[in-house]
Each structure stands twice: as structure tokens, then as C-alpha cells.
$ cat structure.cif   # mmCIF, C-alpha atoms and all ligand atoms; chains and numbers go by the auth columns
data_target
#
loop_
_atom_site.group_PDB
_atom_site.id
_atom_site.type_symbol
_atom_site.label_atom_id
_atom_site.label_comp_id
_atom_site.label_asym_id
_atom_site.label_seq_id
_atom_site.Cartn_x
_atom_site.Cartn_y
_atom_site.Cartn_z
_atom_site.B_iso_or_equiv
_atom_site.auth_seq_id
_atom_site.auth_asym_id
ATOM 1 C CA MET A 1 -10.336 -10.308 8.750 0.00 1 A
ATOM 2 C CA SER A 2 -12.057 -10.865 5.419 0.00 2 A
ATOM 3 C CA LYS A 3 -10.042 -8.321 3.483 0.00 3 A
ATOM 4 C CA THR A 4 -8.174 -10.052 0.689 0.00 4 A
ATOM 5 C CA TRP A 5 -6.001 -7.241 -0.731 0.00 5 A
ATOM 6 C CA TYR A 6 -3.907 -4.805 1.226 0.00 6 A
ATOM 7 C CA PRO A 7 -0.305 -3.643 1.354 0.00 7 A
ATOM 8 C CA VAL A 8 2.451 -4.951 3.552 0.00 8 A
ATOM 9 C CA ILE A 9 5.616 -2.940 4.033 0.00 9 A
ATOM 10 C CA ASP A 10 9.030 -4.527 4.178 0.00 10 A
ATOM 11 C CA TYR A 11 10.725 -2.133 6.567 0.00 11 A
ATOM 12 C CA SER A 12 14.135 -3.548 5.725 0.00 12 A
ATOM 13 C CA GLN A 13 13.642 -2.083 2.227 0.00 13 A
ATOM 14 C CA CYS A 14 11.646 1.067 3.065 0.00 14 A
ATOM 15 C CA LYS A 15 13.528 4.337 2.622 0.00 15 A
ATOM 16 C CA GLU A 16 10.876 6.301 4.534 0.00 16 A
ATOM 17 C CA CYS A 17 10.263 8.598 1.557 0.00 17 A
ATOM 18 C CA GLY A 18 6.565 9.016 2.309 0.00 18 A
ATOM 19 C CA ALA A 19 5.429 8.509 -1.290 0.00 19 A
ATOM 20 C CA CYS A 20 2.970 5.766 -0.389 0.00 20 A
ATOM 21 C CA ILE A 21 1.428 7.813 2.393 0.00 21 A
ATOM 22 C CA ASN A 22 0.998 10.820 0.150 0.00 22 A
ATOM 23 C CA LYS A 23 -0.346 8.752 -2.728 0.00 23 A
ATOM 24 C CA CYS A 24 -3.115 6.844 -1.022 0.00 24 A
ATOM 25 C CA LYS A 25 -6.452 8.641 -0.912 0.00 25 A
ATOM 26 C CA HIS A 26 -8.162 5.849 0.961 0.00 26 A
ATOM 27 C CA GLY A 27 -6.743 6.275 4.436 0.00 27 A
ATOM 28 C CA VAL A 28 -4.839 3.024 4.414 0.00 28 A
ATOM 29 C CA TYR A 29 -1.618 4.513 5.761 0.00 29 A
ATOM 30 C CA GLU A 30 -0.694 6.599 8.718 0.00 30 A
ATOM 31 C CA GLN A 31 2.728 8.152 9.198 0.00 31 A
ATOM 32 C CA ARG A 32 4.356 7.210 12.470 0.00 32 A
ATOM 33 C CA LYS A 33 7.708 8.859 12.885 0.00 33 A
ATOM 34 C CA ASN A 34 8.842 8.572 9.277 0.00 34 A
ATOM 35 C CA ARG A 35 7.380 5.179 8.623 0.00 35 A
ATOM 36 C CA PRO A 36 4.232 4.257 6.752 0.00 36 A
ATOM 37 C CA VAL A 37 2.005 2.050 8.865 0.00 37 A
ATOM 38 C CA VAL A 38 -0.975 0.195 7.430 0.00 38 A
ATOM 39 C CA VAL A 39 -3.711 1.240 9.823 0.00 39 A
ATOM 40 C CA ASN A 40 -6.752 0.686 7.632 0.00 40 A
ATOM 41 C CA PRO A 41 -6.306 -2.332 5.355 0.00 41 A
ATOM 42 C CA GLU A 42 -10.075 -2.359 4.802 0.00 42 A
ATOM 43 C CA GLY A 43 -9.722 0.906 2.888 0.00 43 A
ATOM 44 C CA CYS A 44 -7.403 -0.554 0.254 0.00 44 A
ATOM 45 C CA VAL A 45 -8.988 -1.044 -3.149 0.00 45 A
ATOM 46 C CA HIS A 46 -8.691 -4.549 -4.528 0.00 46 A
ATOM 47 C CA GLY A 47 -6.142 -4.638 -7.318 0.00 47 A
ATOM 48 C CA CYS A 48 -4.844 -1.116 -6.800 0.00 48 A
ATOM 49 C CA ARG A 49 -1.068 -0.747 -7.027 0.00 49 A
ATOM 50 C CA GLY A 50 -0.885 3.000 -6.739 0.00 50 A
ATOM 51 C CA CYS A 51 1.528 3.041 -3.850 0.00 51 A
ATOM 52 C CA GLN A 52 3.553 0.065 -5.027 0.00 52 A
ATOM 53 C CA ASN A 53 4.091 1.737 -8.387 0.00 53 A
ATOM 54 C CA LEU A 54 5.606 4.774 -6.671 0.00 54 A
ATOM 55 C CA CYS A 55 7.745 3.001 -4.147 0.00 55 A
ATOM 56 C CA PRO A 56 11.406 3.543 -5.073 0.00 56 A
ATOM 57 C CA SER A 57 12.646 0.510 -3.219 0.00 57 A
ATOM 58 C CA GLY A 58 10.177 -2.262 -3.923 0.00 58 A
ATOM 59 C CA ALA A 59 9.133 -2.377 -0.293 0.00 59 A
ATOM 60 C CA ILE A 60 5.395 -2.815 -0.915 0.00 60 A
ATOM 61 C CA GLN A 61 3.768 -6.161 -1.552 0.00 61 A
ATOM 62 C CA TYR A 62 0.103 -7.136 -1.284 0.00 62 A
ATOM 63 C CA VAL A 63 -1.672 -9.767 0.628 0.00 63 A
ATOM 64 C CA GLY A 64 -3.794 -11.486 -1.998 0.00 64 A
ATOM 65 C CA ASP A 65 -1.410 -10.827 -4.871 0.00 65 A
ATOM 66 C CA THR A 66 -1.110 -14.340 -6.177 0.00 66 A
ATOM 67 C CA ASP A 67 -1.054 -13.993 -9.953 0.00 67 A
ATOM 68 C CA GLY A 68 0.042 -10.409 -10.605 0.00 68 A
ATOM 69 C CA ASN A 69 -2.925 -9.837 -12.902 0.00 69 A
ATOM 70 C CA ASN A 70 -5.255 -7.964 -10.628 0.00 70 A
ATOM 71 C CA SER A 71 -6.500 -4.635 -11.925 0.00 71 A
ATOM 72 C CA CYS A 72 -7.771 -1.753 -9.911 0.00 72 A
ATOM 73 C CA SER A 73 -11.489 -1.615 -9.279 0.00 73 A
ATOM 74 C CA CYS A 74 -11.531 1.719 -7.542 0.00 74 A
ATOM 75 C CA GLY A 75 -12.823 4.229 -10.075 0.00 75 A
ATOM 76 C CA CYS A 76 -11.606 7.252 -8.150 0.00 76 A
ATOM 77 C CA SER A 77 -9.433 9.776 -9.907 0.00 77 A
ATOM 78 C CA GLY A 78 -5.757 9.766 -9.194 0.00 78 A
ATOM 79 C CA CYS A 79 -5.277 6.787 -6.955 0.00 79 A
ATOM 80 C CA CYS A 80 -3.509 4.624 -9.487 0.00 80 A
HETATM 81 S S1 LIG B . -2.887 -0.013 -3.215 0.00 101 B
HETATM 82 FE FE1 LIG B . -4.041 1.870 -3.677 0.00 101 B
HETATM 83 S S2 LIG B . -5.724 1.920 -2.207 0.00 101 B
HETATM 84 FE FE2 LIG B . -4.235 0.401 -1.474 0.00 101 B
HETATM 85 S S3 LIG B . -2.904 1.495 -0.056 0.00 101 B
HETATM 86 FE FE3 LIG B . -1.918 1.628 -2.078 0.00 101 B
HETATM 87 S S4 LIG B . -2.672 3.529 -3.063 0.00 101 B
HETATM 88 FE FE4 LIG B . -4.005 3.031 -1.283 0.00 101 B
HETATM 89 S S1 LIG B . 6.953 4.486 -0.931 0.00 102 B
HETATM 90 FE FE1 LIG B . 8.189 2.683 -0.341 0.00 102 B
HETATM 91 S S2 LIG B . 10.127 3.552 0.415 0.00 102 B
HETATM 92 FE FE2 LIG B . 8.630 5.225 0.391 0.00 102 B
HETATM 93 S S3 LIG B . 7.763 5.247 2.492 0.00 102 B
HETATM 94 FE FE3 LIG B . 6.419 3.943 1.198 0.00 102 B
HETATM 95 S S4 LIG B . 7.198 1.846 1.476 0.00 102 B
HETATM 96 FE FE4 LIG B . 8.787 3.244 2.189 0.00 102 B
#

$ encode --input "structure.cif" --output "C-alpha cells"
Amino acid sequence: MSKTWYPVIDYSQCKECGACINKCKHGVYEQRKNRPVVVNPEGCVHGCRGCQNLCPSGAIQYVGDTDGNNSCSCGCSGCC
């Protein structure tokens, strides 16, 4: 896979609130039972932290997040 930025859920921290699933407009997540599952990492916008910013438990990290200075390149309204 060439994708260099996408979320990874720490299920030991996840409270299954659904905020990340509802937030993402790019089809990255699917709800399975009450859990968010990353089904489309290719859809994630490099540098976006929209779901991470909403997560109440700090359960979302990103593959590719090495310096913490990435900024969203998406340009859509309402994702971040
Ligand atoms: S970081 Fe942005 S684009 Fe990626 S899954 Fe979260 S809300 Fe969707
Ligand atoms: S926002 Fe965080 S706590 Fe809520 S479902 Fe997503 S990963 Fe779990």
C-alpha cells in the first residue's frame, strides 16, 4: 500500500461513541457492531485530523504522523 496517512484505532481506548464515523466524509470508516473500522484508508486526506480532534479518548493515531506538523490538504467543507 502506498498510502502514507490514515487512522489507526486503539480499541483498548475506544469508547465506541461513533464520533469518528459520523465526522468523516471520505468513507474511511465503517461501523461494525459499535466499532469504527478503517475500511478505506485510501480515502483519508493527508494531514487531516478531523476524527482525531473529536475522539474523546485519544484512541486515534495516524500512520505517517511523524512530526505532528502535518496540515490538512483536503479543501472540503467541514471535514476538519
Ligand atoms: S483524518 Fe479526516 S479524512 Fe481521515 S478518517 Fe479522519 S476525518 Fe476522515
Ligand atoms: S471517536 Fe474515538 S472513542 Fe469514538 S468511536 Fe471513534 S475511536 Fe472510538

$ residues_around --input "structure.cif" --residues "stretch 49-64 of chain A" --least-positions-apart "5" --cutoff "9 Å" --atoms "all atoms listed in the file" --output "PyMOL selection string"
chain A and resi 3-15+17-24+71-72+78-80

$ resolve_selection --input "structure.cif" --expression "the PyMOL selection byres (((chain A and resi 39) around 9) and not hetatm)" --output "list of chain:residue names"
A:Gly27, A:Val28, A:Tyr29, A:Glu30, A:Val37, A:Val38, A:Asn40, A:Pro41, A:Glu42

$ atom_distance --input "structure.cif" --atom1 "atom FE4 of ligand LIG 101 (chain B)" --atom2 "atom CA of A:Gly43"
7.4 Å

$ axis_aligned_box --input "structure.cif" --around "stretch 18-34 of chain A" --padding-each-side "5 Å" --output "JSON"
{"center_x": 0.3, "center_y": 6.9, "center_z": 5.1, "size_x": 27.0, "size_y": 17.8, "size_z": 25.6}

$ atom_distance --input "structure.cif" --atom1 "atom CA of A:Asp65" --atom2 "atom CA of A:His46"
9.6 Å

$ atom_distance --input "structure.cif" --atom1 "atom CA of A:Lys33" --atom2 "atom S1 of ligand LIG 102 (chain B)"
14.5 Å

$ closest_residue --input "structure.cif" --among "A:Lys25, A:Cys44, A:Pro36, A:Gln31" --to "ligand LIG 102 (chain B)" --atoms "all atoms listed in the file"
A:Pro36
